[in-house]
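start16.pdb follows (PDB, C-alpha atoms):
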```pdb
ATOM      1  CA  MET A  59      42.699  79.902  75.666
ATOM      2  CA  LYS A  60      42.450  78.864  79.329
ATOM      3  CA  TYR A  61      43.229  75.274  80.305
ATOM      4  CA  ASP A  62      40.091  74.313  82.158
ATOM      5  CA  ARG A  63      41.325  71.371  84.252
ATOM      6  CA  ILE A  64      43.565  73.189  86.694
ATOM      7  CA  SER A  65      43.284  72.020  90.285
ATOM      8  CA  GLY A  66      45.358  72.355  93.421
ATOM      9  CA  PHE A  67      46.061  71.484  97.037
ATOM     10  CA  ALA A  68      44.024  74.343  98.430
ATOM     11  CA  ASP A  69      45.061  73.574 102.002
ATOM     12  CA  GLU A  70      48.278  75.409 101.113
ATOM     13  CA  ILE A  71      46.146  78.567 100.895
ATOM     14  CA  ALA A  72      44.690  78.245 104.385
ATOM     15  CA  GLU A  73      43.578  75.676 106.912
ATOM     16  CA  ASP A  74      39.878  76.513 106.685
ATOM     17  CA  VAL A  75      37.998  75.374 103.617
ATOM     18  CA  ASP A  76      35.940  78.573 103.350
ATOM     19  CA  THR A  77      39.120  80.561 102.677
ATOM     20  CA  GLN A  78      40.370  77.850 100.321
ATOM     21  CA  PHE A  79      37.225  78.117  98.215
ATOM     22  CA  ARG A  80      37.167  81.917  98.299
ATOM     23  CA  VAL A  81      40.646  82.054  96.786
ATOM     24  CA  LEU A  82      39.909  79.333  94.226
ATOM     25  CA  ASN A  83      36.821  81.283  93.131
ATOM     26  CA  LYS A  84      38.893  84.457  92.941
ATOM     27  CA  LEU A  85      41.387  82.710  90.633
ATOM     28  CA  ASP A  86      38.591  81.032  88.636
ATOM     29  CA  ILE A  87      39.918  77.559  89.519
ATOM     30  CA  ARG A  88      37.016  75.110  89.580
ATOM     31  CA  TYR A  89      38.709  72.033  91.059
ATOM     32  CA  PHE A  90      40.704  71.164  94.147
ATOM     33  CA  GLU A  91      42.535  68.161  95.553
ATOM     34  CA  PRO A  92      41.199  67.784  99.102
ATOM     35  CA  ARG A  93      43.918  66.805 101.581
ATOM     36  CA  GLU A  94      43.448  68.846 104.777
ATOM     37  CA  ILE A  95      39.962  70.160 105.467
ATOM     38  CA  ASP A  96      39.654  72.632 108.327
ATOM     39  CA  GLY A  97      42.857  71.180 109.787
ATOM     40  CA  LYS A  98      41.738  67.565 109.511
ATOM     41  CA  ASN A  99      43.082  64.995 107.068
ATOM     42  CA  ILE A 100      40.588  64.010 104.378
ATOM     43  CA  ALA A 101      40.833  60.348 105.435
ATOM     44  CA  GLU A 102      39.686  61.215 108.959
ATOM     45  CA  LEU A 103      36.473  63.089 108.104
ATOM     46  CA  SER A 104      33.205  61.780 109.506
ATOM     47  CA  ASP A 105      30.163  61.226 107.307
ATOM     48  CA  GLY A 106      28.720  64.497 108.558
ATOM     49  CA  GLU A 107      31.922  66.381 107.780
ATOM     50  CA  VAL A 108      32.057  64.887 104.298
ATOM     51  CA  ALA A 109      28.436  65.921 103.707
ATOM     52  CA  ALA A 110      29.189  69.460 104.925
ATOM     53  CA  LEU A 111      32.212  69.662 102.625
ATOM     54  CA  LYS A 112      30.159  68.456  99.664
ATOM     55  CA  GLU A 113      27.521  71.111 100.368
ATOM     56  CA  LYS A 114      30.186  73.848 100.416
ATOM     57  CA  MET A 115      31.691  72.493  97.192
ATOM     58  CA  GLU A 116      28.325  72.661  95.453
ATOM     59  CA  ARG A 117      27.617  76.136  96.792
ATOM     60  CA  CYS A 118      31.002  77.449  95.596
ATOM     61  CA  GLY A 119      31.060  75.605  92.274
ATOM     62  CA  ILE A 120      34.149  73.564  93.231
ATOM     63  CA  LYS A 121      34.667  69.903  92.307
ATOM     64  CA  ALA A 122      37.236  67.369  93.534
ATOM     65  CA  SER A 123      39.794  66.415  90.900
ATOM     66  CA  SER A 124      41.325  63.728  93.123
ATOM     67  CA  ILE A 125      41.470  62.814  96.782
ATOM     68  CA  GLY A 126      44.870  63.837  98.185
ATOM     69  CA  SER A 127      45.034  60.813 100.434
ATOM     70  CA  PRO A 128      47.882  59.588 102.669
ATOM     71  CA  ILE A 129      47.367  55.980 101.571
ATOM     72  CA  GLY A 130      50.626  54.082 101.103
ATOM     73  CA  LYS A 131      52.575  56.350 103.458
ATOM     74  CA  ILE A 132      53.374  53.700 106.046
ATOM     75  CA  ARG A 133      56.352  51.360 106.452
ATOM     76  CA  LEU A 134      56.244  47.783 105.250
ATOM     77  CA  ASP A 135      56.563  46.565 108.841
ATOM     78  CA  GLU A 136      53.435  48.445 109.944
ATOM     79  CA  ASP A 137      49.933  46.971 110.092
ATOM     80  CA  PHE A 138      48.651  46.742 106.536
ATOM     81  CA  GLN A 139      45.184  45.442 107.411
ATOM     82  CA  ALA A 140      44.419  48.535 109.482
ATOM     83  CA  HIS A 141      45.793  50.677 106.653
ATOM     84  CA  PHE A 142      43.673  48.814 104.115
ATOM     85  CA  GLU A 143      40.575  49.608 106.162
ATOM     86  CA  LYS A 144      41.626  53.268 106.102
ATOM     87  CA  PHE A 145      41.990  52.945 102.330
ATOM     88  CA  GLN A 146      38.460  51.566 102.083
ATOM     89  CA  ARG A 147      37.232  54.618 103.974
ATOM     90  CA  VAL A 148      39.075  56.906 101.549
ATOM     91  CA  VAL A 149      37.379  55.159  98.633
ATOM     92  CA  ASP A 150      34.025  55.751 100.325
ATOM     93  CA  ILE A 151      34.859  59.453 100.773
ATOM     94  CA  ALA A 152      35.924  59.690  97.122
ATOM     95  CA  GLU A 153      32.555  58.337  96.040
ATOM     96  CA  ARG A 154      30.686  60.766  98.301
ATOM     97  CA  LEU A 155      32.639  63.685  96.812
ATOM     98  CA  ASP A 156      32.277  62.418  93.215
ATOM     99  CA  ALA A 157      36.056  62.097  92.865
ATOM    100  CA  GLY A 158      37.131  59.429  90.393
ATOM    101  CA  TYR A 159      40.819  59.589  91.386
ATOM    102  CA  ILE A 160      42.679  58.846  94.622
ATOM    103  CA  ARG A 161      46.320  59.933  95.010
ATOM    104  CA  MET A 162      48.412  57.361  96.891
ATOM    105  CA  PHE A 163      51.949  56.069  97.510
ATOM    106  CA  SER A 164      53.932  52.820  97.511
ATOM    107  CA  PHE A 165      55.184  52.428 101.100
ATOM    108  CA  TYR A 166      58.356  53.187 103.009
ATOM    109  CA  PRO A 167      60.902  50.463 103.742
ATOM    110  CA  PRO A 168      60.785  48.665 107.091
ATOM    111  CA  GLU A 169      62.545  50.197 110.052
ATOM    112  CA  ARG A 170      66.216  49.240 110.165
ATOM    113  CA  PRO A 171      67.742  47.939 113.402
ATOM    114  CA  ASP A 172      70.435  50.630 113.383
ATOM    115  CA  SER A 173      68.200  53.610 112.550
ATOM    116  CA  ALA A 174      64.633  54.555 111.730
ATOM    117  CA  ALA A 175      64.273  54.093 107.979
ATOM    118  CA  GLY A 176      60.981  55.973 108.030
ATOM    119  CA  GLU A 177      59.862  58.827 105.896
ATOM    120  CA  GLY A 178      62.418  60.267 103.498
ATOM    121  CA  ASP A 179      65.092  57.570 103.920
ATOM    122  CA  GLY A 180      63.936  55.175 101.207
ATOM    123  CA  ALA A 181      66.071  56.761  98.486
ATOM    124  CA  ALA A 182      69.151  55.347 100.219
ATOM    125  CA  HIS A 183      67.472  52.040 100.992
ATOM    126  CA  GLU A 184      68.479  48.952  99.026
ATOM    127  CA  TRP A 185      65.147  47.322  98.366
ATOM    128  CA  THR A 186      65.197  43.530  98.578
ATOM    129  CA  ALA A 187      63.246  41.213  96.285
ATOM    130  CA  GLY A 188      61.025  40.276  99.216
ATOM    131  CA  GLU A 189      60.247  43.898 100.030
ATOM    132  CA  ARG A 190      59.402  44.590  96.397
ATOM    133  CA  GLU A 191      57.071  41.579  96.373
ATOM    134  CA  GLU A 192      55.313  42.893  99.485
ATOM    135  CA  VAL A 193      54.863  46.334  97.884
ATOM    136  CA  ILE A 194      53.370  44.684  94.791
ATOM    137  CA  ARG A 195      51.122  42.440  96.885
ATOM    138  CA  ARG A 196      49.696  45.389  98.798
ATOM    139  CA  LEU A 197      49.184  47.541  95.724
ATOM    140  CA  ARG A 198      47.617  44.663  93.814
ATOM    141  CA  ARG A 199      45.074  44.153  96.582
ATOM    142  CA  MET A 200      44.227  47.859  96.630
ATOM    143  CA  THR A 201      43.995  47.996  92.834
ATOM    144  CA  ALA A 202      41.577  45.063  92.819
ATOM    145  CA  TYR A 203      39.401  46.858  95.361
ATOM    146  CA  ALA A 204      39.580  50.062  93.324
ATOM    147  CA  GLY A 205      38.317  48.072  90.352
ATOM    148  CA  GLU A 206      35.389  46.783  92.383
ATOM    149  CA  ARG A 207      34.474  50.345  93.376
ATOM    150  CA  ASP A 208      35.363  51.869  89.972
ATOM    151  CA  VAL A 209      37.884  54.450  91.145
ATOM    152  CA  VAL A 210      41.395  55.090  89.831
ATOM    153  CA  LEU A 211      44.445  54.943  92.074
ATOM    154  CA  LEU A 212      47.097  57.476  91.118
ATOM    155  CA  HIS A 213      50.579  56.532  92.289
ATOM    156  CA  GLU A 214      52.698  59.571  93.128
ATOM    157  CA  ASN A 215      56.470  59.412  92.902
ATOM    158  CA  GLU A 216      57.611  60.541  96.365
ATOM    159  CA  LYS A 217      61.040  60.593  97.968
ATOM    160  CA  GLY A 218      61.637  57.648 100.254
ATOM    161  CA  ILE A 219      58.904  55.251  99.093
ATOM    162  CA  TYR A 220      59.432  52.273  96.786
ATOM    163  CA  GLY A 221      58.253  54.240  93.750
ATOM    164  CA  ASP A 222      60.510  57.250  94.178
ATOM    165  CA  THR A 223      62.754  56.765  91.139
ATOM    166  CA  ALA A 224      61.611  56.585  87.526
ATOM    167  CA  GLU A 225      62.920  53.019  87.283
ATOM    168  CA  ARG A 226      60.863  51.775  90.222
ATOM    169  CA  CYS A 227      57.800  53.773  89.155
ATOM    170  CA  ALA A 228      58.038  52.104  85.750
ATOM    171  CA  ASP A 229      58.410  48.736  87.504
ATOM    172  CA  LEU A 230      55.131  49.336  89.335
ATOM    173  CA  MET A 231      53.381  50.394  86.158
ATOM    174  CA  ARG A 232      54.607  47.349  84.221
ATOM    175  CA  GLU A 233      53.374  45.079  87.025
ATOM    176  CA  LEU A 234      50.119  46.816  87.899
ATOM    177  CA  GLY A 235      49.341  49.491  85.327
ATOM    178  CA  CYS A 236      45.693  49.319  84.254
ATOM    179  CA  ARG A 237      42.539  51.421  84.181
ATOM    180  CA  HIS A 238      42.496  51.492  87.984
ATOM    181  CA  PHE A 239      46.223  52.029  88.678
ATOM    182  CA  GLN A 240      47.944  54.897  86.898
ATOM    183  CA  ALA A 241      50.634  57.492  87.521
ATOM    184  CA  VAL A 242      50.867  60.990  88.931
ATOM    185  CA  PHE A 243      53.910  62.797  87.543
ATOM    186  CA  ASP A 244      55.528  65.164  90.059
ATOM    187  CA  PRO A 245      58.627  66.859  88.578
ATOM    188  CA  ALA A 246      59.867  68.346  91.866
ATOM    189  CA  ASN A 247      59.819  64.998  93.629
ATOM    190  CA  PHE A 248      61.962  63.483  90.872
ATOM    191  CA  VAL A 249      64.407  66.390  91.126
ATOM    192  CA  GLN A 250      64.694  65.802  94.864
ATOM    193  CA  CYS A 251      65.543  62.153  94.155
ATOM    194  CA  GLY A 252      68.328  63.133  91.741
ATOM    195  CA  GLN A 253      66.353  62.073  88.682
ATOM    196  CA  ASP A 254      66.480  63.625  85.210
ATOM    197  CA  THR A 255      62.828  64.610  84.745
ATOM    198  CA  LYS A 256      62.989  64.405  80.943
ATOM    199  CA  GLU A 257      64.182  60.798  81.188
ATOM    200  CA  ALA A 258      61.553  60.067  83.833
ATOM    201  CA  TYR A 259      58.874  61.533  81.594
ATOM    202  CA  GLU A 260      59.926  59.369  78.648
ATOM    203  CA  ALA A 261      59.904  56.263  80.849
ATOM    204  CA  LEU A 262      56.442  56.972  82.258
ATOM    205  CA  ARG A 263      54.619  59.029  79.648
ATOM    206  CA  SER A 264      52.234  56.252  78.602
ATOM    207  CA  PHE A 265      51.122  55.785  82.232
ATOM    208  CA  ILE A 266      50.647  59.440  83.239
ATOM    209  CA  ALA A 267      47.038  60.265  84.088
ATOM    210  CA  TYR A 268      47.579  63.262  86.367
ATOM    211  CA  VAL A 269      50.220  65.952  86.977
ATOM    212  CA  HIS A 270      51.329  67.752  90.114
ATOM    213  CA  VAL A 271      52.667  71.139  89.101
ATOM    214  CA  LYS A 272      55.683  71.558  91.335
ATOM    215  CA  ASP A 273      59.291  72.466  90.516
ATOM    216  CA  ALA A 274      62.550  72.245  92.475
ATOM    217  CA  ARG A 275      66.203  73.172  92.228
ATOM    218  CA  ALA A 276      68.668  70.307  91.938
ATOM    219  CA  GLU A 277      71.369  72.043  93.967
ATOM    220  CA  ASP A 278      69.458  71.989  97.227
ATOM    221  CA  GLY A 279      66.062  70.410  96.528
ATOM    222  CA  SER A 280      64.221  73.630  97.357
ATOM    223  CA  VAL A 281      60.748  73.930  95.837
ATOM    224  CA  VAL A 282      60.210  76.903  93.510
ATOM    225  CA  PRO A 283      57.450  78.130  91.167
ATOM    226  CA  ALA A 284      57.012  76.112  87.973
ATOM    227  CA  GLY A 285      59.671  77.034  85.444
ATOM    228  CA  ALA A 286      62.126  78.415  88.026
ATOM    229  CA  GLY A 287      63.755  75.085  88.840
ATOM    230  CA  ASP A 288      65.295  72.025  87.213
ATOM    231  CA  GLY A 289      62.112  70.012  86.762
ATOM    232  CA  ASN A 290      61.697  70.827  83.039
ATOM    233  CA  VAL A 291      58.050  71.570  83.797
ATOM    234  CA  GLY A 292      57.442  73.431  80.526
ATOM    235  CA  HIS A 293      59.019  70.666  78.441
ATOM    236  CA  ILE A 294      56.920  68.005  80.162
ATOM    237  CA  LEU A 295      53.646  69.918  79.961
ATOM    238  CA  LYS A 296      54.254  70.685  76.286
ATOM    239  CA  GLY A 297      54.944  67.021  75.582
ATOM    240  CA  LEU A 298      51.785  65.965  77.357
ATOM    241  CA  LEU A 299      49.534  68.586  75.768
ATOM    242  CA  ASP A 300      50.975  68.010  72.294
ATOM    243  CA  SER A 301      50.194  64.304  72.675
ATOM    244  CA  GLY A 302      46.552  65.034  73.557
ATOM    245  CA  TYR A 303      46.679  65.046  77.354
ATOM    246  CA  GLU A 304      43.421  66.371  78.806
ATOM    247  CA  GLY A 305      43.964  65.488  82.459
ATOM    248  CA  TYR A 306      44.279  67.641  85.537
ATOM    249  CA  LEU A 307      47.194  69.941  86.315
ATOM    250  CA  SER A 308      47.169  70.168  90.096
ATOM    251  CA  LEU A 309      49.098  72.956  91.825
ATOM    252  CA  GLU A 310      51.105  71.824  94.826
ATOM    253  CA  PRO A 311      53.116  74.994  95.529
ATOM    254  CA  HIS A 312      55.111  74.091  98.687
ATOM    255  CA  LEU A 313      56.621  77.573  98.381
ATOM    256  CA  GLY A 314      56.827  78.619 102.010
ATOM    257  CA  SER A 315      57.294  82.369 102.414
ATOM    258  CA  PHE A 316      58.025  85.130  99.910
ATOM    259  CA  SER A 317      61.334  85.828 101.659
ATOM    260  CA  GLY A 318      62.573  82.419 100.597
ATOM    261  CA  LEU A 319      61.883  83.287  96.945
ATOM    262  CA  ALA A 320      63.642  86.633  96.891
ATOM    263  CA  ASP A 321      66.634  85.401  94.856
ATOM    264  CA  LEU A 322      64.609  83.800  92.057
ATOM    265  CA  GLU A 323      64.096  86.910  89.903
ATOM    266  CA  LEU A 324      60.323  86.593  90.086
ATOM    267  CA  ASP A 325      59.629  90.271  90.721
ATOM    268  CA  ASP A 326      57.129  90.625  87.873
ATOM    269  CA  LYS A 327      55.067  87.687  89.138
ATOM    270  CA  MET A 328      55.282  88.769  92.780
ATOM    271  CA  GLN A 329      53.863  92.254  92.379
ATOM    272  CA  ASN A 330      50.728  93.116  94.369
ATOM    273  CA  LEU A 331      50.176  89.604  95.706
ATOM    274  CA  PRO A 332      48.357  88.944  98.981
ATOM    275  CA  GLN A 333      50.483  87.808 101.893
ATOM    276  CA  GLY A 334      50.667  84.258 103.190
ATOM    277  CA  GLY A 335      49.247  81.160 101.583
ATOM    278  CA  GLU A 336      46.929  83.025  99.240
ATOM    279  CA  GLY A 337      49.893  84.912  97.812
ATOM    280  CA  THR A 338      52.174  81.929  97.306
ATOM    281  CA  PHE A 339      49.326  79.865  95.814
ATOM    282  CA  THR A 340      48.528  82.749  93.458
ATOM    283  CA  LEU A 341      52.195  82.987  92.502
ATOM    284  CA  ALA A 342      52.242  79.264  91.712
ATOM    285  CA  TYR A 343      49.134  79.677  89.574
ATOM    286  CA  ARG A 344      50.596  82.635  87.673
ATOM    287  CA  ALA A 345      53.775  80.665  86.986
ATOM    288  CA  LEU A 346      51.713  77.810  85.536
ATOM    289  CA  GLU A 347      49.635  80.247  83.472
ATOM    290  CA  ALA A 348      52.826  81.736  82.026
ATOM    291  CA  ILE A 349      54.044  78.302  80.922
ATOM    292  CA  LEU A 350      50.688  77.378  79.399
ATOM    293  CA  ASP A 351      50.550  80.714  77.530
ATOM    294  CA  LYS A 352      53.958  80.013  75.993
ATOM    295  CA  ILE A 353      52.881  76.518  74.961
ATOM    296  CA  ILE A 354      49.673  77.815  73.373
ATOM    297  CA  ARG A 355      51.575  80.540  71.537
ATOM    298  CA  GLN A 356      54.326  78.099  70.587
ATOM    299  CA  GLU A 357      56.943  80.319  72.197
ATOM    300  CA  GLU A 358      60.301  79.107  73.469
ATOM    301  CA  LEU A 359      60.058  77.690  76.985
TER     302      LEU A 359
END
```

File written out as structure tokens:
Amino acid sequence: MKYDRISGFADEIAEDVDTQFRVLNKLDIRYFEPREIDGKNIAELSDGEVAALKEKMERCGIKASSIGSPIGKIRLDEDFQAHFEKFQRVVDIAERLDAGYIRMFSFYPPERPDSAAGEGDGAAHEWTAGEREEVIRRLRRMTAYAGERDVVLLHENEKGIYGDTAERCADLMRELGCRHFQAVFDPANFVQCGQDTKEAYEALRSFIAYVHVKDARAEDGSVVPAGAGDGNVGHILKGLLDSGYEGYLSLEPHLGSFSGLADLELDDKMQNLPQGGEGTFTLAYRALEAILDKIIRQEEL
């Protein structure tokens, strides 16, 4: 049995969308999570570019599982009103592409006087009550707008933002969780934040509406194919599927080059693969297929 809601960040295959769709068709994947389209961020597309993308999607039989937006990836001391207007544009693009979900984030801390807090430094940041309140205020406003437009915001746990740890993700869900604000579960991102992914899954399982299939090794944070790292991807997918999960599983390989994977004992999965992004995306897909096959057959993961 093939799980029929597999998607992926196809911009990791190639910059141009024609190649992205060719490879998705080749792998019989019918969804994608648009993020970079012909080298341009999805949030920056013009109406004409969105229309052209939609025409290609229809011609190739590809649908959008979620918009891979950059919303929420700014610091708390940056202009939120301008960012909110960008968010409104993303919602408009989601509607034009018939995407009911929008992936987003929960903001980086403000820049510190002694160093740039910026991207990736939030894990070490001690969030104040006032900063938390500002995060909640911004997300509440966006959630209300999402409700007006009937789209679902999917908060992704990401290193450095407010919602990078399971505890703070759960805090956001307790405050804001509703039909229009739900959770993406990304195992690799939790590994990179030093989180036990099984504990994170238990804390967030009732809020999970979408999964990014990505794994990582705890020792150095390097991203590896699903099942080759410390993200307990098989355990989490089995738990979700056994509980009736029917949502998307979206491949986000982040695998770099084959040379960087040489020590992972993946020889059987790496045979006869194309070079470059098509090959690493295919490898990520095969790794996911192997996990799903074991779950279906009730084999040990």

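Taking all atoms listed in the file into account, those protein, DNA and RNA residues with any atom at most 12 Å away from (56.2, 72.4, 101.1) amount to Phe67, Asp69, Glu70, Ile71, Ala246, Asn247, Lys272, Asp273, Ala274, Gly279, Ser280, Val281, Val282, Pro283, Leu309, Glu310, Pro311, His312, Leu313, Gly314, Ser315, Gly318, Gly335, Thr338 and Phe339 of chain A.
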
Using only C-alpha atoms, please write the residues we just selected to a file, as a short mmCIF file (atom, residue, chain, number, x, y, z; two decimals), in the coordinates of the input.
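Done, and the output landed in selection27.cif:
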```
data_model
loop_
_atom_site.label_atom_id
_atom_site.label_comp_id
_atom_site.auth_asym_id
_atom_site.auth_seq_id
_atom_site.Cartn_x
_atom_site.Cartn_y
_atom_site.Cartn_z
CA PHE A 67 46.06 71.48 97.04
CA ASP A 69 45.06 73.57 102.00
CA GLU A 70 48.28 75.41 101.11
CA ILE A 71 46.15 78.57 100.90
CA ALA A 246 59.87 68.35 91.87
CA ASN A 247 59.82 65.00 93.63
CA LYS A 272 55.68 71.56 91.34
CA ASP A 273 59.29 72.47 90.52
CA ALA A 274 62.55 72.24 92.48
CA GLY A 279 66.06 70.41 96.53
CA SER A 280 64.22 73.63 97.36
CA VAL A 281 60.75 73.93 95.84
CA VAL A 282 60.21 76.90 93.51
CA PRO A 283 57.45 78.13 91.17
CA LEU A 309 49.10 72.96 91.82
CA GLU A 310 51.10 71.82 94.83
CA PRO A 311 53.12 74.99 95.53
CA HIS A 312 55.11 74.09 98.69
CA LEU A 313 56.62 77.57 98.38
CA GLY A 314 56.83 78.62 102.01
CA SER A 315 57.29 82.37 102.41
CA GLY A 318 62.57 82.42 100.60
CA GLY A 335 49.25 81.16 101.58
CA THR A 338 52.17 81.93 97.31
CA PHE A 339 49.33 79.86 95.81
#
```

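Within the 7 Å cut-off around A:Pro92, using all atoms listed in the file and omitting residues fewer than 6 positions from it on the same chain, the listed residues are A:Phe67, A:Ile100, A:Ala122, A:Ile125, A:Gly126.
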
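For the atom pair formed by atom CA of A:Ala342 and atom CA of A:Leu359, the distance is 16.7 Å, given to one decimal.
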
Per residue of stretch 249-328 of chain A within 8 Å of stretch 204-222 of chain A, note the shortest atom pair and the distance in Å to one decimal, counting only C-alpha atoms, and order the rows by chain and increasing residue number, as CSV.
```
residue,atom,partner,partner_atom,distance
A:Gln250,CA,A:Lys217,CA,7.1
A:Cys251,CA,A:Lys217,CA,6.1
A:Ala267,CA,A:Leu212,CA,7.6
A:Tyr268,CA,A:Leu212,CA,7.5
```

Item to check | Nearest to A:Glu257, chosen from A:Lys112, A:Gly235, A:Ala228, A:Gln240, with only C-alpha atoms counted in the distances | outcome: A:Ala228

Checklist outcome for this item: Atom pair atom CA of A:Val271 + atom CA of A:Gly66, distance 8.6 Å

Could I see stretch 283-290 of chain A restored to all heavy atoms, set down as a tab-separated table (two decimals), keeping the file's coordinate frame?
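Listed below is the output, part_10.tsv:
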```
chain	number	residue	atom	x	y	z
A	283	PRO	N	58.56	78.09	92.12
A	283	PRO	CA	57.45	78.13	91.17
A	283	PRO	C	57.80	77.40	89.87
A	283	PRO	O	58.98	77.32	89.48
A	283	PRO	CB	57.26	79.64	90.93
A	283	PRO	CG	57.79	80.28	92.16
A	283	PRO	CD	58.95	79.45	92.58
A	284	ALA	N	56.80	76.86	89.21
A	284	ALA	CA	57.01	76.11	87.97
A	284	ALA	C	57.79	76.95	86.97
A	284	ALA	O	57.48	78.11	86.73
A	284	ALA	CB	55.66	75.71	87.38
A	285	GLY	N	58.84	76.35	86.42
A	285	GLY	CA	59.67	77.03	85.44
A	285	GLY	C	60.90	77.67	86.03
A	285	GLY	O	61.81	78.06	85.30
A	286	ALA	N	60.98	77.78	87.37
A	286	ALA	CA	62.13	78.42	88.03
A	286	ALA	C	63.13	77.40	88.55
A	286	ALA	O	64.13	77.77	89.15
A	286	ALA	CB	61.65	79.31	89.17
A	287	GLY	N	62.87	76.12	88.33
A	287	GLY	CA	63.76	75.08	88.84
A	287	GLY	C	64.30	74.19	87.74
A	287	GLY	O	64.35	74.58	86.57
A	288	ASP	N	64.67	72.98	88.13
A	288	ASP	CA	65.30	72.03	87.21
A	288	ASP	C	64.37	70.88	86.84
A	288	ASP	O	64.82	69.83	86.36
A	288	ASP	CB	66.57	71.47	87.86
A	288	ASP	CG	67.59	72.56	88.14
A	288	ASP	OD1	68.00	73.23	87.17
A	288	ASP	OD2	67.94	72.77	89.32
A	289	GLY	N	63.06	71.08	87.04
A	289	GLY	CA	62.11	70.01	86.76
A	289	GLY	C	61.65	69.91	85.33
A	289	GLY	O	60.88	69.02	84.99
A	290	ASN	N	62.11	70.84	84.45
A	290	ASN	CA	61.70	70.83	83.04
A	290	ASN	C	60.17	70.80	82.91
A	290	ASN	O	59.61	70.09	82.06
A	290	ASN	CB	62.30	69.62	82.31
A	290	ASN	CG	63.82	69.63	82.33
A	290	ASN	OD1	64.45	70.55	81.81
A	290	ASN	ND2	64.41	68.61	82.94
```
